[in-house]
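Asker: Quick one, structure-v1.txt (compact mmCIF, C-alpha atoms):
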```
# COMPACT_ATOMS: atom_id res chain seq x y z
CA MET A 1 -69.94 6.30 201.24
CA ARG A 2 -69.52 9.52 203.19
CA VAL A 3 -66.08 10.58 202.00
CA CYS A 4 -64.40 11.14 198.63
CA LEU A 5 -60.61 10.85 198.78
CA ILE A 6 -58.70 12.20 195.79
CA GLY A 7 -55.27 10.69 195.13
CA ALA A 8 -53.67 7.31 195.83
CA GLY A 9 -50.02 8.24 196.25
CA LEU A 10 -48.14 8.08 199.55
CA SER A 11 -50.41 10.67 201.21
CA GLY A 12 -53.65 9.30 199.77
CA LEU A 13 -52.89 5.76 200.88
CA ALA A 14 -52.16 7.01 204.41
CA ALA A 15 -55.55 8.76 204.43
CA ALA A 16 -57.31 5.69 203.04
CA HIS A 17 -55.80 3.50 205.77
CA ALA A 18 -56.93 5.94 208.49
CA LEU A 19 -60.46 6.10 207.08
CA LYS A 20 -60.75 2.32 206.78
CA SER A 21 -59.36 1.80 210.29
CA ALA A 22 -61.99 4.22 211.65
CA GLY A 23 -64.80 2.39 209.84
CA ILE A 24 -65.58 5.35 207.58
CA GLY A 25 -67.09 4.59 204.19
CA PHE A 26 -65.12 6.18 201.36
CA VAL A 27 -64.10 5.97 197.73
CA CYS A 28 -60.65 6.99 196.49
CA LEU A 29 -60.33 8.42 192.98
CA GLU A 30 -56.92 8.10 191.31
CA GLN A 31 -56.21 9.38 187.80
CA ALA A 32 -53.30 6.96 187.18
CA PRO A 33 -53.80 3.28 186.27
CA ASP A 34 -52.25 2.15 189.57
CA VAL A 35 -51.45 3.42 193.05
CA GLY A 36 -48.10 4.95 193.99
CA GLY A 37 -48.17 8.55 192.77
CA ILE A 38 -44.93 9.98 191.40
CA TRP A 39 -42.97 6.91 192.48
CA ARG A 40 -44.56 4.60 189.91
CA ARG A 41 -44.36 7.01 186.96
CA PRO A 42 -40.67 6.58 185.97
CA GLY A 43 -41.02 2.79 185.76
CA ALA A 44 -44.29 3.12 183.87
CA GLY A 45 -42.72 5.51 181.37
CA GLU A 46 -45.30 8.19 182.13
CA ARG A 47 -44.82 11.95 181.98
CA GLY A 48 -44.57 13.59 185.35
CA PRO A 49 -42.29 14.51 188.23
CA GLY A 50 -39.83 11.65 188.47
CA TYR A 51 -37.05 10.13 186.36
CA LEU A 52 -35.22 6.81 186.17
CA SER A 53 -32.41 7.91 188.51
CA LEU A 54 -34.87 9.02 191.22
CA HIS A 55 -34.22 7.73 194.76
CA LEU A 56 -35.57 8.66 198.17
CA ASN A 57 -33.76 11.49 199.92
CA THR A 58 -35.24 10.37 203.24
CA ALA A 59 -34.44 7.28 205.30
CA LYS A 60 -36.57 4.23 204.63
CA GLN A 61 -37.40 3.65 208.31
CA LEU A 62 -38.96 7.12 208.56
CA THR A 63 -40.55 7.04 205.10
CA GLY A 64 -42.38 3.76 205.52
CA TYR A 65 -45.79 3.67 207.19
CA ALA A 66 -45.85 3.02 210.94
CA ASP A 67 -48.06 -0.08 210.65
CA HIS A 68 -46.24 -1.55 207.64
CA PRO A 69 -42.50 -0.71 207.49
CA MET A 70 -40.43 -0.91 204.34
CA PRO A 71 -38.70 -4.29 203.83
CA ALA A 72 -35.44 -4.85 205.70
CA SER A 73 -33.85 -5.78 202.37
CA TYR A 74 -34.30 -2.24 201.03
CA PRO A 75 -31.30 0.09 201.10
CA LEU A 76 -31.42 3.17 203.30
CA PHE A 77 -32.44 5.32 200.30
CA PRO A 78 -34.51 3.10 197.99
CA ARG A 79 -34.97 3.59 194.24
CA HIS A 80 -38.29 4.79 192.80
CA SER A 81 -39.24 1.28 191.70
CA ASP A 82 -38.71 -0.05 195.24
CA VAL A 83 -40.88 2.71 196.68
CA ALA A 84 -43.60 2.08 194.07
CA ALA A 85 -43.61 -1.65 194.87
CA TYR A 86 -43.78 -0.88 198.58
CA LEU A 87 -46.74 1.49 198.18
CA ARG A 88 -48.58 -1.13 196.14
CA SER A 89 -47.85 -3.76 198.80
CA PHE A 90 -49.15 -1.41 201.50
CA ALA A 91 -52.41 -0.89 199.61
CA GLU A 92 -52.82 -4.67 199.33
CA TRP A 93 -51.87 -5.31 202.96
CA ALA A 94 -54.27 -2.65 204.26
CA GLY A 95 -57.13 -3.87 202.05
CA LEU A 96 -57.46 -0.55 200.25
CA LEU A 97 -57.66 -1.60 196.61
CA ASP A 98 -61.40 -2.31 196.69
CA HIS A 99 -61.95 1.33 197.72
CA ILE A 100 -59.87 2.81 194.87
CA GLU A 101 -61.17 3.66 191.41
CA LEU A 102 -58.12 3.81 189.13
CA ALA A 103 -57.78 5.71 185.85
CA THR A 104 -60.44 8.12 187.10
CA THR A 105 -60.00 11.86 186.68
CA VAL A 106 -61.76 14.33 188.95
CA GLU A 107 -63.32 17.09 186.87
CA SER A 108 -64.97 19.21 189.54
CA VAL A 109 -65.57 19.40 193.29
CA ARG A 110 -68.22 21.86 194.40
CA GLN A 111 -69.97 22.58 197.67
CA GLU A 112 -73.77 22.68 197.71
CA GLU A 113 -76.00 25.00 199.72
CA ASP A 114 -76.70 22.26 202.27
CA GLY A 115 -72.94 21.92 202.94
CA GLY A 116 -72.54 18.65 201.07
CA TRP A 117 -70.09 18.11 198.24
CA THR A 118 -70.70 17.09 194.64
CA VAL A 119 -67.82 15.37 192.86
CA VAL A 120 -67.84 14.87 189.09
CA SER A 121 -65.35 12.33 187.71
CA ARG A 122 -64.57 10.66 184.38
CA ASP A 123 -63.29 7.09 184.09
CA ALA A 124 -60.99 5.52 181.49
CA HIS A 125 -63.95 4.77 179.20
CA GLY A 126 -65.10 8.39 179.26
CA THR A 127 -68.07 7.70 181.51
CA VAL A 128 -68.94 10.73 183.65
CA THR A 129 -70.18 10.07 187.19
CA THR A 130 -71.69 12.63 189.59
CA ARG A 131 -71.78 11.73 193.29
CA GLY A 132 -72.58 13.43 196.56
CA PHE A 133 -70.45 13.25 199.73
CA THR A 134 -70.39 14.83 203.16
CA GLN A 135 -66.60 15.30 203.12
CA VAL A 136 -63.82 15.51 200.54
CA ILE A 137 -60.13 14.88 201.22
CA ILE A 138 -57.53 16.15 198.73
CA ALA A 139 -54.31 14.13 198.63
CA SER A 140 -53.26 14.79 195.05
CA GLY A 141 -49.88 16.36 195.79
CA HIS A 142 -48.49 19.79 195.00
CA ASN A 143 -46.03 19.10 192.15
CA SER A 144 -48.82 19.69 189.68
CA GLU A 145 -47.88 22.04 186.86
CA PRO A 146 -44.42 23.10 185.66
CA SER A 147 -43.30 26.56 186.67
CA LEU A 148 -41.75 28.06 183.56
CA PRO A 149 -39.78 31.31 183.68
CA ALA A 150 -39.92 33.84 180.88
CA PRO A 151 -37.88 32.46 177.97
CA PRO A 152 -34.37 33.90 177.66
CA ARG A 153 -33.69 36.50 174.99
CA GLY A 154 -33.03 34.87 171.66
CA SER A 155 -35.01 31.72 172.45
CA GLU A 156 -36.58 31.89 169.01
CA THR A 157 -33.11 31.47 167.47
CA PHE A 158 -32.07 28.49 169.59
CA THR A 159 -31.45 25.44 167.41
CA GLY A 160 -31.66 22.91 170.23
CA THR A 161 -34.46 21.57 172.41
CA ILE A 162 -35.85 23.29 175.51
CA LEU A 163 -37.77 21.12 177.96
CA HIS A 164 -38.94 21.16 181.57
CA ALA A 165 -37.84 18.56 184.13
CA LEU A 166 -41.40 17.19 183.88
CA ASP A 167 -40.43 15.76 180.47
CA TYR A 168 -37.01 14.41 181.48
CA ARG A 169 -36.75 10.64 181.92
CA ASP A 170 -33.20 9.36 181.50
CA GLY A 171 -29.72 10.65 180.74
CA SER A 172 -29.25 8.07 178.00
CA ASP A 173 -31.79 10.03 175.94
CA PHE A 174 -29.11 12.74 175.64
CA ALA A 175 -26.09 10.51 174.95
CA GLY A 176 -23.32 12.46 173.20
CA GLN A 177 -25.18 15.80 173.48
CA ARG A 178 -24.26 19.05 175.15
CA VAL A 179 -26.87 19.87 177.78
CA VAL A 180 -27.48 22.88 180.03
CA VAL A 181 -29.48 22.23 183.22
CA VAL A 182 -31.12 25.29 184.79
CA GLY A 183 -31.61 25.37 188.55
CA LEU A 184 -30.14 24.11 191.82
CA GLY A 185 -33.13 22.38 193.39
CA ALA A 186 -33.59 18.65 193.94
CA SER A 187 -34.52 17.86 190.34
CA ALA A 188 -31.74 20.02 188.90
CA VAL A 189 -28.92 18.35 190.82
CA ASP A 190 -30.32 14.85 190.26
CA ILE A 191 -30.72 15.43 186.53
CA ALA A 192 -27.33 17.10 186.11
CA ALA A 193 -25.60 14.21 187.90
CA ASP A 194 -27.52 11.69 185.79
CA LEU A 195 -26.76 13.49 182.52
CA SER A 196 -23.08 13.73 183.34
CA ARG A 197 -22.78 9.96 182.85
CA HIS A 198 -24.21 10.09 179.33
CA ALA A 199 -23.94 13.56 177.82
CA ARG A 200 -20.89 14.90 176.01
CA GLN A 201 -20.99 17.98 178.25
CA THR A 202 -23.21 18.88 181.22
CA VAL A 203 -23.49 22.48 182.39
CA LEU A 204 -25.39 23.56 185.50
CA SER A 205 -26.73 27.12 185.23
CA VAL A 206 -27.47 28.61 188.66
CA ARG A 207 -29.12 32.00 189.21
CA ARG A 208 -29.36 31.95 193.01
CA GLY A 209 -27.33 30.00 195.53
CA LEU A 210 -29.05 27.39 197.69
CA HIS A 211 -27.76 25.37 200.62
CA VAL A 212 -26.65 21.95 199.36
CA LEU A 213 -26.70 19.22 202.02
CA PRO A 214 -25.56 15.59 201.81
CA LYS A 215 -28.13 12.92 202.60
CA GLN A 216 -26.25 12.09 205.79
CA LEU A 217 -24.23 13.98 208.39
CA PHE A 218 -22.23 12.18 211.07
CA GLY A 219 -23.51 8.89 209.65
CA MET A 220 -27.16 9.84 210.23
CA ALA A 221 -29.79 10.55 207.57
CA LEU A 222 -30.95 14.16 207.76
CA ASP A 223 -34.47 13.19 208.78
CA GLU A 224 -33.03 11.03 211.57
CA ILE A 225 -31.21 14.14 212.81
CA ALA A 226 -34.40 16.22 212.52
CA ASP A 227 -36.14 13.60 214.68
CA ALA A 228 -33.47 13.40 217.38
CA PRO A 229 -34.29 14.93 220.81
CA TRP A 230 -30.95 16.73 220.95
CA TRP A 231 -31.82 18.46 217.67
CA THR A 232 -35.37 19.46 218.56
CA ALA A 233 -34.10 20.85 221.88
CA MET A 234 -32.09 23.49 219.97
CA ASP A 235 -33.59 26.80 218.89
CA LEU A 236 -33.36 27.86 215.24
CA ASP A 237 -30.15 29.84 215.63
CA GLU A 238 -28.45 26.90 217.35
CA GLN A 239 -29.61 24.51 214.62
CA ARG A 240 -28.26 26.84 211.96
CA ARG A 241 -24.86 27.15 213.62
CA PHE A 242 -24.64 23.39 214.06
CA VAL A 243 -25.41 22.59 210.42
CA GLU A 244 -23.27 25.41 209.02
CA GLN A 245 -20.24 24.14 210.96
CA ALA A 246 -20.92 20.55 209.94
CA LEU A 247 -21.18 21.54 206.28
CA LEU A 248 -18.01 23.59 206.43
CA VAL A 249 -16.16 20.50 207.68
CA ALA A 250 -17.89 18.08 205.30
CA ARG A 251 -17.64 19.98 202.01
CA GLY A 252 -16.20 23.47 202.50
CA LYS A 253 -17.74 26.51 200.82
CA LEU A 254 -19.98 26.23 197.77
CA ALA A 255 -17.94 28.97 196.12
CA ASP A 256 -15.04 26.50 196.07
CA TYR A 257 -17.12 24.44 193.59
CA GLY A 258 -17.94 27.39 191.36
CA LEU A 259 -21.46 27.74 192.76
CA PRO A 260 -22.88 30.99 194.17
CA GLU A 261 -23.01 31.19 197.94
CA PRO A 262 -26.58 31.38 199.29
CA ASP A 263 -27.82 34.89 200.02
CA HIS A 264 -29.83 33.63 203.00
CA PRO A 265 -29.16 31.59 206.14
CA ILE A 266 -29.87 27.89 206.12
CA PHE A 267 -33.53 26.96 206.78
CA ALA A 268 -34.64 30.33 205.36
CA SER A 269 -35.48 28.55 202.11
CA ALA A 270 -35.85 24.96 200.94
CA VAL A 271 -32.53 23.13 201.00
CA THR A 272 -31.15 20.91 198.23
CA ILE A 273 -30.16 17.38 199.23
CA SER A 274 -27.59 15.58 197.12
CA ASP A 275 -24.66 13.27 197.67
CA GLU A 276 -23.58 13.52 194.03
CA ILE A 277 -23.63 16.99 192.52
CA LEU A 278 -20.59 18.43 194.31
CA SER A 279 -18.60 15.28 193.56
CA ARG A 280 -19.56 15.41 189.87
CA ILE A 281 -18.44 19.05 189.75
CA ARG A 282 -15.12 18.20 191.41
CA HIS A 283 -14.61 15.37 188.91
CA GLY A 284 -15.15 17.75 186.00
CA ALA A 285 -18.31 15.95 184.88
CA VAL A 286 -20.56 18.96 185.58
CA THR A 287 -19.53 22.55 184.88
CA PRO A 288 -21.26 25.26 186.96
CA LYS A 289 -22.22 28.53 185.26
CA PRO A 290 -24.25 31.58 186.29
CA ALA A 291 -27.73 32.40 184.97
CA ILE A 292 -28.47 32.39 181.24
CA ASP A 293 -28.31 35.85 179.67
CA PHE A 294 -29.46 35.01 176.15
CA LEU A 295 -29.50 32.33 173.45
CA ASP A 296 -27.91 32.71 170.04
CA GLY A 297 -28.37 29.88 167.57
CA ASP A 298 -26.68 26.85 169.12
CA ARG A 299 -25.00 28.88 171.87
CA VAL A 300 -26.07 29.61 175.43
CA VAL A 301 -24.56 32.85 176.74
CA PHE A 302 -24.34 33.35 180.50
CA THR A 303 -24.38 36.54 182.57
CA ASP A 304 -20.60 36.39 183.07
CA GLY A 305 -20.09 36.65 179.31
CA THR A 306 -19.01 33.05 178.79
CA SER A 307 -20.92 30.75 176.47
CA VAL A 308 -21.25 27.08 175.49
CA ARG A 309 -22.75 25.20 172.60
CA ALA A 310 -25.88 23.29 173.59
CA ASP A 311 -28.15 20.70 172.03
CA ALA A 312 -30.69 20.89 174.85
CA ILE A 313 -31.71 22.98 177.86
CA VAL A 314 -33.50 21.27 180.77
CA GLN A 315 -35.38 23.78 182.91
CA CYS A 316 -35.55 22.47 186.49
CA THR A 317 -37.51 25.48 187.66
CA GLY A 318 -40.02 23.81 189.94
CA TYR A 319 -43.76 23.39 189.96
CA ARG A 320 -46.87 25.40 190.71
CA MET A 321 -49.62 24.12 192.95
CA ALA A 322 -52.78 23.64 190.93
CA PHE A 323 -56.19 22.31 191.93
CA PRO A 324 -58.29 23.04 188.83
CA PHE A 325 -61.19 20.92 190.07
CA LEU A 326 -61.65 22.94 193.29
CA PRO A 327 -63.51 26.22 193.85
CA GLU A 328 -61.39 29.27 193.05
CA GLY A 329 -59.33 30.59 195.95
CA CYS A 330 -58.98 27.26 197.74
CA PRO A 331 -56.56 26.35 199.17
CA VAL A 332 -54.40 29.15 197.75
CA GLY A 333 -55.70 32.50 198.97
CA PRO A 334 -55.60 35.89 197.25
CA ARG A 335 -52.06 36.60 198.48
CA GLY A 336 -50.71 33.42 196.92
CA SER A 337 -50.31 31.50 200.18
CA VAL A 338 -51.89 28.20 201.13
CA GLU A 339 -54.49 29.08 203.79
CA LEU A 340 -55.44 26.02 205.84
CA TYR A 341 -56.08 25.59 209.55
CA LYS A 342 -53.28 23.39 210.92
CA ARG A 343 -52.26 22.95 207.23
CA VAL A 344 -55.25 20.60 206.81
CA VAL A 345 -58.67 22.26 207.10
CA ALA A 346 -60.28 24.73 204.69
CA ALA A 347 -61.70 27.12 207.30
CA ASP A 348 -64.49 28.55 205.14
CA ARG A 349 -65.49 25.27 203.48
CA PRO A 350 -66.71 22.75 206.06
CA GLY A 351 -65.96 19.19 205.10
CA LEU A 352 -62.93 19.92 202.88
CA TYR A 353 -59.54 18.65 204.04
CA PHE A 354 -56.03 18.39 202.62
CA VAL A 355 -53.42 15.71 203.31
CA GLY A 356 -49.76 16.12 202.39
CA LEU A 357 -49.87 19.80 201.43
CA VAL A 358 -46.78 20.44 203.57
CA ARG A 359 -43.04 20.52 203.00
CA PRO A 360 -40.90 19.30 205.90
CA LEU A 361 -37.15 18.87 206.19
CA GLY A 362 -37.24 15.09 206.19
CA SER A 363 -39.83 12.43 205.53
CA ILE A 364 -43.46 13.47 205.10
CA THR A 365 -44.95 10.08 206.02
CA ARG A 366 -45.45 10.57 209.77
CA LEU A 367 -47.01 13.95 209.08
CA VAL A 368 -49.58 12.66 206.60
CA GLU A 369 -50.40 9.75 208.92
CA ALA A 370 -51.02 12.19 211.78
CA GLN A 371 -53.09 14.45 209.52
CA SER A 372 -55.14 11.48 208.35
CA ARG A 373 -55.85 10.24 211.88
CA TRP A 374 -57.01 13.72 212.89
CA ILE A 375 -59.30 13.98 209.86
CA ALA A 376 -60.82 10.59 210.70
CA ARG A 377 -61.50 11.82 214.24
CA LEU A 378 -63.14 14.97 212.88
CA ILE A 379 -65.36 12.96 210.53
CA THR A 380 -66.45 10.58 213.28
CA GLY A 381 -67.05 13.42 215.75
CA ARG A 382 -64.31 12.35 218.15
CA ALA A 383 -62.60 15.69 217.52
CA VAL A 384 -64.22 19.09 216.90
CA LEU A 385 -62.96 22.14 215.04
CA PRO A 386 -62.96 25.58 216.69
CA ASP A 387 -65.01 28.50 215.37
CA THR A 388 -64.14 29.81 211.91
CA GLU A 389 -62.77 33.04 213.39
CA ILE A 390 -60.32 31.12 215.57
CA MET A 391 -59.19 29.04 212.59
CA HIS A 392 -58.53 32.19 210.55
CA LYS A 393 -56.48 33.67 213.41
CA GLU A 394 -54.37 30.49 213.56
CA ILE A 395 -53.82 30.61 209.79
CA ALA A 396 -52.76 34.27 209.93
CA ALA A 397 -50.40 33.65 212.86
CA TYR A 398 -48.83 30.67 211.12
CA LEU A 399 -48.31 32.49 207.82
CA SER A 400 -46.81 35.48 209.63
CA GLY A 401 -44.41 33.26 211.54
CA ILE A 402 -43.36 31.18 208.55
CA ALA A 403 -42.87 34.31 206.42
CA GLY A 404 -40.44 35.58 209.03
CA GLN A 405 -38.27 32.51 208.42
CA TYR A 406 -38.89 31.63 204.77
CA GLY A 407 -40.20 34.81 203.15
CA GLN A 408 -43.44 35.41 201.27
CA ALA A 409 -43.07 32.88 198.42
CA GLU A 410 -46.04 30.60 197.68
CA SER A 411 -43.99 27.52 198.55
CA ALA A 412 -43.02 29.02 201.93
CA SER A 413 -46.59 28.73 203.15
CA ILE A 414 -46.38 24.92 203.19
CA GLN A 415 -43.10 24.68 205.12
CA VAL A 416 -43.39 22.92 208.47
CA ASN A 417 -40.97 21.95 211.21
CA VAL A 418 -41.49 18.24 211.84
CA ALA A 419 -41.42 17.88 215.63
CA PRO A 420 -43.48 20.99 216.53
CA TYR A 421 -46.02 20.21 213.82
CA LEU A 422 -46.47 16.62 214.98
CA GLU A 423 -47.02 17.91 218.51
CA GLU A 424 -49.69 20.32 217.24
CA LEU A 425 -51.54 17.48 215.54
CA ARG A 426 -51.28 15.30 218.66
CA GLU A 427 -52.87 18.10 220.68
CA GLU A 428 -55.73 18.28 218.18
```
Since I need it in another form, could you write the structure as structure tokens?

Answerer:
Amino acid sequence: MRVCLIGAGLSGLAAAHALKSAGIGFVCLEQAPDVGGIWRRPGAGERGPGYLSLHLNTAKQLTGYADHPMPASYPLFPRHSDVAAYLRSFAEWAGLLDHIELATTVESVRQEEDGGWTVVSRDAHGTVTTRGFTQVIIASGHNSEPSLPAPPRGSETFTGTILHALDYRDGSDFAGQRVVVVGLGASAVDIAADLSRHARQTVLSVRRGLHVLPKQLFGMALDEIADAPWWTAMDLDEQRRFVEQALLVARGKLADYGLPEPDHPIFASAVTISDEILSRIRHGAVTPKPAIDFLDGDRVVFTDGTSVRADAIVQCTGYRMAFPFLPEGCPVGPRGSVELYKRVVAADRPGLYFVGLVRPLGSITRLVEAQSRWIARLITGRAVLPDTEIMHKEIAAYLSGIAGQYGQAESASIQVNVAPYLEELREE
């Protein structure tokens, strides 16, 4: 076996299929007891990103693998359990299961002086195994560790429960309670909408406005629009004007719902996709509030001076990328940005690749399939990387360009525009 692949979620399975198709010997190490990544966790009752109300935000025809589409019987936006079953069926269909070691945790990945890689792993029985490889592919995802803000003033007096979205599973767990959800990202709006069907009161606390988009515009899923030639032919300003006008017609201004208007143009930050949250607000099931100012016993006081009683606070404040088994400074550089050539290759560490460490507007599947095919070509020698200096120049140019659109945040460094990025990978 020449290659160690880490992770057997959507991205890892795409990489495994590409390696097997190219005749490359590999082993895939997956810490969970089955394949499927975050999509299998809600059904398995495991802690992690994902909850029982989780559905795809991307269209099934663009989220399924090219060689093995999702079943025609699936709805356009399948539930987590459907996606988990599909990923398992793909692994079986592609003959990948014999290459995957389940319930195996990677403890360290280090590069040796000869350029090879040593991977230390621990299986479910506690047995530690040390193996050498010529290449390592990381496909373990980037929703790794919860990002927790500084606790509000008075947190020590709060009589309720404070938890992160990582520990949220189902709204029925909060039946009859008063709950404050913090955030306006994907998890926040999903969880608030879910809670509103069970909780006595659901409050959505929002510090900064984000652009909230429905899953479809003009009867098309957003990733279908992002894939359309008429869309990709527009420049960024034209795309912004188009979507802003469409949203104004479809749902009006966010201020009309009691939410803060975004302080940035659309596509200058990650967008929030939800068909439900604005409807739940309009139906009185979710009450928007500004940021939390402080806590006082059983009360949550907001920056506008209003307050509510609360039994629980769910912090939907995102995740930090963490790769504790990798050498320090890889892939996140000293400035907090992911530094990878073509968002795949660790320029200073030959033989180390990443799959799925990108954030597109739309489905990620075609991107990880293209990344995986390119990696397979690099491993077999059918493609060749440029000099390290050229790779570093590409990384710097990319980060400079993306910062101009999305800012300097860590998460901005993994943003990609689907069509141009796919074309880049095709050229490689």

Asker: Between CA of Tyr74 (chain A) and CA of Val271 (chain A), what is the spacing in Å?

Answerer: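 Rounded to one decimal, the two atoms are 25.4 Å apart.
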
Asker: With distances taken over all atoms listed in the file, which residue among A:Ile24, A:Leu352, A:Leu210, A:Leu29 lies nearest Leu254 (chain A)?

Answerer: A:Leu210

Asker: Quick one: pull the distance between CA of Arg122 (chain A) and CA of Ser140 (chain A), Å, one decimal.

Answerer: 16.1 Å

Asker: From the list A:Ala221, A:Ala228, A:Ala370, A:Ala312, which residue is nearest Ala199 (chain A) when using all atoms listed in the file?

Answerer: A:Ala312

Asker: May I ask for the distance between CA of Thr129 (chain A) and CA of Val109 (chain A), given in Å to one decimal place?

Answerer: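 Those two atoms sit 12.1 Å apart.
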
Asker: Between A:Val83, A:Val180, A:Ile379, A:Ile137, which one has atoms that come closest to Gly43 (chain A), using all atoms listed in the file?

Answerer: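 Between A:Val83, A:Val180, A:Ile379, A:Ile137, the residue approaching Gly43 (chain A) most closely is A:Val83.
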
Asker: When distances are computed from only C-alpha atoms, which of A:Thr303, A:Ser413, A:Ser279, A:Thr134 shows the smallest separation from Ile395 (chain A)?

Answerer: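 Nearest candidate to Ile395 (chain A) out of A:Thr303, A:Ser413, A:Ser279, A:Thr134: A:Ser413.
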
Asker: Please provide the set of residues having any atom within 10 Å of region 55-60 of chain A, restricted to all atoms listed in the file, with same-chain residues fewer than 3 positions apart removed, written as an MDAnalysis selection string.

Answerer: chainID A and resid 39 50:52 63:65 69:72 74:83 186 190 214:216 220:224 272:275 361:364

Asker: Name all residues at most 10 Å from Ala419 (chain A) (count all atoms listed in the file; drop same-chain ones fewer than 2 positions away) and give them as a PyMOL selection string.

Answerer: chain A and resi 226-229+231-232+360+367+416-417+421-424

Asker: Would you mind listing what lies within 10 Å of Ala322 (chain A) as a list of chain:residue names, with all atoms listed in the file counted and same-chain residues fewer than 5 positions away left out?

Answerer: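 Using all atoms listed in the file, the neighbours found are A:Ser140, A:Gly141, A:His142, A:Asn143, A:Ser144, A:Glu145, A:Pro146, A:Cys330, A:Pro331, A:Val332.
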
Asker: Find the residues near Ser53 (chain A): any atom within 10 Å, counting only C-alpha atoms, skip ones fewer than 6 places away on the same chain, and give them as a PyMOL selection string.

Answerer: chain A and resi 42+79-80+169-171+190-191+193-195

Asker: A:Leu326, A:Ile313, A:Ala175, A:Met321: which is nearest Val119 (chain A), counting only C-alpha atoms?

Answerer: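 Answer, going by the shortest atom-to-atom distance: A:Leu326.
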
Asker: From the set A:Ala250, A:Cys316, A:Val206, A:Leu87, which residue has the shortest atom-to-atom contact distance to Asp293 (chain A), counting all atoms listed in the file?

Answerer: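 Ranked by minimum distance to Asp293 (chain A), first place goes to A:Val206.
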
Asker: So which residues touch Lys342 (chain A) within 12 Å, counting all atoms listed in the file, skipping near sequence neighbours fewer than 4 positions away, as JSON, numbers by chain?

Answerer: {"A": [338, 346, 347, 353, 354, 355, 356, 357, 358, 367, 370, 371, 374, 375, 385, 386, 390, 391, 392, 393, 394, 395, 396, 397, 398, 399, 413, 414, 415, 416, 420, 421, 422, 423, 424, 425, 426, 427, 428]}
